[in-house]
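Reading through the structure tokens given below for one structure.
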Amino acid sequence: SNVKRFGGNFQASWEAFDWLTIREDIGVDTYTDSRKEKVNSRTAAEPTGFTSDQTINRTEVNSTFDATVQRGITEDLSVEVILGNNISWRNYEWDYIEGTGIGVRDFFNIGNFSTTSQSAFNQTQSLIAAFGKATFNYSDYLYLTVTGRNDWSSTLPEGERSYFYPSSTLSFVFTDALEGTFDDTPINFGKVRFNVSQVGSDTDPYSLQTIYNQA
């Protein structure tokens with residue numbers, strides 16, 4: 001097996017104002033895996049000889065952009081809002097060829113085999129998402145976080161490729177809210193948290209229909 005891999009990442013951040021930060025993160029990961037199998041003739045397993053060439057190519061690109069706003073609403077209440085989008089693209093290619101009936105021993109070029117067969121497979125998947133998150137902070141002991149994300153997936157049926165999933169979380173740090181109440185107790189930090197969420201996901205490429213192959 002001969003694997004060649006390349007990966008790279010680019011990140012940039014810009015503080016446009018003291019209350020606004022903009023970020024971009026792009027990553028690329030790609031590799032090629034070449035495999036070859038050789039079996040000479042006059043062996044028990046393959047009396048006429050055998051060879052195979054297999055190549056796997058996989059590429060993944062991810063990009064995330066977001067903008068963060070942090071503002072004070074009152075003296076005790078502040079808010080942080082994050083808005084952004086994510087783009088993900090994946091491609092997978094598989095090529096395979098095998099041959100039997102070697103002509104010249106020890107020469108494993110596929111052209112040196114009398115019978116060959118070939119298979120190939122390719123799949124591409126893309127996902128685009130828009131997301132938002134808002135966190136309200138009251139006096140550093142009461143927090144309310146609301147999130148929402150909408151995905152558009154290429155693997156879902158046309159007209160049904162969009163799906164939305166929200167969540168909300170309420171956290172209460174009672175040891176900070178009731179300062180001094182727990183000074184003479186073993187409790188030095190305490191928090192209660194409530195969460196409600198909905199989960200969404202797509203499916204693998206080419207998984208919408210059942211295909212039957214002839215035996």
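Labels used: A, B, ... for chains in the order of the structure tokens, numbers from 1 for residues in each chain, and numbers from 1 for ligands as shown.
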message: Using only C-alpha atoms, which protein or nucleic acid residues come within 10 Å of A:Asp151? Drop anything in the same chain fewer than 4 positions from it, and give the result as number ranges by chain.
response: A: 85-87, 127-131, 161-165, 200-202
message: I'd like the contact shell of A:Phe17 - 12 Å cut-off, only C-alpha atoms, skipping same-chain residues fewer than 6 positions apart - returned as number ranges by chain.
response: A: 67-71
Would you tabulate, counting only C-alpha atoms, all residues of stretch 71-112 of chain A that have an atom at most 10 Å from an atom of stretch 48-63 of chain A, showing the closest pair of atoms and their distance in Å to one decimal, sorted by chain then ascending number, as a tab-separated table?
```
residue	atom	partner	partner_atom	distance
A:Asn85	CA	A:Ser63	CA	8.2
A:Asn86	CA	A:Ser63	CA	5.6
A:Ile87	CA	A:Ser63	CA	5.1
A:Ser88	CA	A:Asn62	CA	4.6
A:Trp89	CA	A:Val61	CA	5.2
A:Arg90	CA	A:Glu60	CA	4.5
A:Asn91	CA	A:Thr59	CA	5.3
A:Tyr92	CA	A:Arg58	CA	4.5
A:Glu93	CA	A:Asn57	CA	5.1
A:Trp94	CA	A:Ile56	CA	4.7
A:Asp95	CA	A:Thr55	CA	5.2
A:Tyr96	CA	A:Gln54	CA	4.5
A:Ile97	CA	A:Asp53	CA	5.4
A:Glu98	CA	A:Ser52	CA	4.1
A:Gly99	CA	A:Thr51	CA	5.4
A:Thr100	CA	A:Phe50	CA	4.6
A:Gly101	CA	A:Thr48	CA	4.7
A:Ile102	CA	A:Gly49	CA	5.2
A:Gly103	CA	A:Gly49	CA	8.8
A:Val104	CA	A:Gly49	CA	9.9
A:Arg105	CA	A:Gly49	CA	8.2
A:Asp106	CA	A:Gly49	CA	9.4
A:Phe107	CA	A:Thr51	CA	9.8
A:Phe108	CA	A:Thr51	CA	6.4
A:Asn109	CA	A:Thr51	CA	8.1
A:Ile110	CA	A:Thr51	CA	7.1
A:Asn112	CA	A:Thr51	CA	9.8
```
- prompt: Which of these residues is nearest to A:Asn195, using only C-alpha atoms: A:Leu20, A:Glu179, A:Leu170, A:Val146?
  reply: A:Leu170
- prompt: Per DSSP on the backbone, what are the strand (DSSP E) residues of chain A, as a PyMOL selection string?
  reply: chain A and resi 2-17+20-39+50-72+77-102+113-138+142-153+162-172+192-197
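Closest approach to A:Asn150 among A:Ala177, A:Gln198, A:Glu24, A:Thr30 is made by A:Gln198 (distances from only C-alpha atoms).
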- request: Using only C-alpha atoms, determine which residues lie at most 7 Å from A:Ser171, disregarding the query and same-chain residues fewer than 5 positions distant; provide the list as a ChimeraX atom specification.
  value: /A:142-144,191-194
message: Env of stretch 75-80 of chain A: 6 Å cut, atoms = only C-alpha atoms, seq-sep filter 6 positions within chain, self excluded. Answer as number ranges by chain.
response: A: 69, 134-139
Write a file of the just-selected residues containing C-alpha atoms, as a PDB file, in the first residue's frame.
```pdb
ATOM      1  CA  VAL A  69     -21.307  40.067  18.911  1.00  0.00           C
ATOM      2  CA  ALA A 134     -27.472  33.602  21.652  1.00  0.00           C
ATOM      3  CA  THR A 135     -26.339  33.476  25.283  1.00  0.00           C
ATOM      4  CA  PHE A 136     -27.846  35.820  27.880  1.00  0.00           C
ATOM      5  CA  ASN A 137     -25.819  36.289  31.059  1.00  0.00           C
ATOM      6  CA  TYR A 138     -27.399  37.769  34.155  1.00  0.00           C
ATOM      7  CA  SER A 139     -24.907  38.718  36.887  1.00  0.00           C
TER       8      SER A 139
END
```
field: Expected answer as a PyMOL selection string: helix (DSSP H, G or I) residues in stretch 104-176 of chain A
entry: chain A and resi 110-112+174-176
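Using only C-alpha atoms, the contacts of A:Ser13 at a cut-off of 10 Å, with sequence neighbours closer than 6 positions omitted, comprise Thr21, Ile22, Arg23, Glu24, Asp25, Phe65, Asp66 and Ala67 of chain A.
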Generate the output file for the selected residues, N, CA and C atoms, as a short mmCIF file (atom, residue, chain, number, x, y, z; two decimals), in the first residue's frame.
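Saved the output as result.cif:
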```cif
data_model
loop_
_atom_site.label_atom_id
_atom_site.label_comp_id
_atom_site.auth_asym_id
_atom_site.auth_seq_id
_atom_site.Cartn_x
_atom_site.Cartn_y
_atom_site.Cartn_z
N THR A 21 -16.42 40.35 16.44
CA THR A 21 -15.28 39.57 15.95
C THR A 21 -15.75 38.67 14.80
N ILE A 22 -15.00 38.65 13.71
CA ILE A 22 -15.33 37.86 12.53
C ILE A 22 -14.22 36.84 12.32
N ARG A 23 -14.63 35.58 12.08
CA ARG A 23 -13.65 34.50 11.92
C ARG A 23 -13.97 33.67 10.68
N GLU A 24 -12.92 33.12 10.09
CA GLU A 24 -13.03 32.18 8.97
C GLU A 24 -12.04 31.04 9.20
N ASP A 25 -12.51 29.82 9.01
CA ASP A 25 -11.67 28.63 9.19
C ASP A 25 -11.93 27.68 8.01
N PHE A 65 -17.58 29.98 8.74
CA PHE A 65 -17.52 31.44 8.92
C PHE A 65 -18.49 31.81 10.04
N ASP A 66 -18.04 32.68 10.94
CA ASP A 66 -18.96 33.14 11.98
C ASP A 66 -18.61 34.56 12.43
N ALA A 67 -19.60 35.24 12.94
CA ALA A 67 -19.45 36.58 13.50
C ALA A 67 -20.00 36.55 14.92
#
```
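For the atom pair formed by atom CA of A:Lys133 and atom CA of A:Phe10, the distance is 23.5 Å, given to one decimal.
Atom to atom, atom CA of A:Ser126 and atom CA of A:Leu83 stand 20.6 Å apart.
For the set A:Val196, A:Asn2, A:Leu156, A:Thr64, the residue with the smallest atom-to-atom gap to A:Arg35 is A:Asn2, counting only C-alpha atoms.
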task: May I ask which of the residues A:Phe113, A:Ile82, A:Glu158, A:Gly180 is the closest one to A:Val39, counting only C-alpha atoms?
output: A:Phe113
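The space between atom CA of A:Thr181 and atom CA of A:Asp140 spans 16.9 Å.
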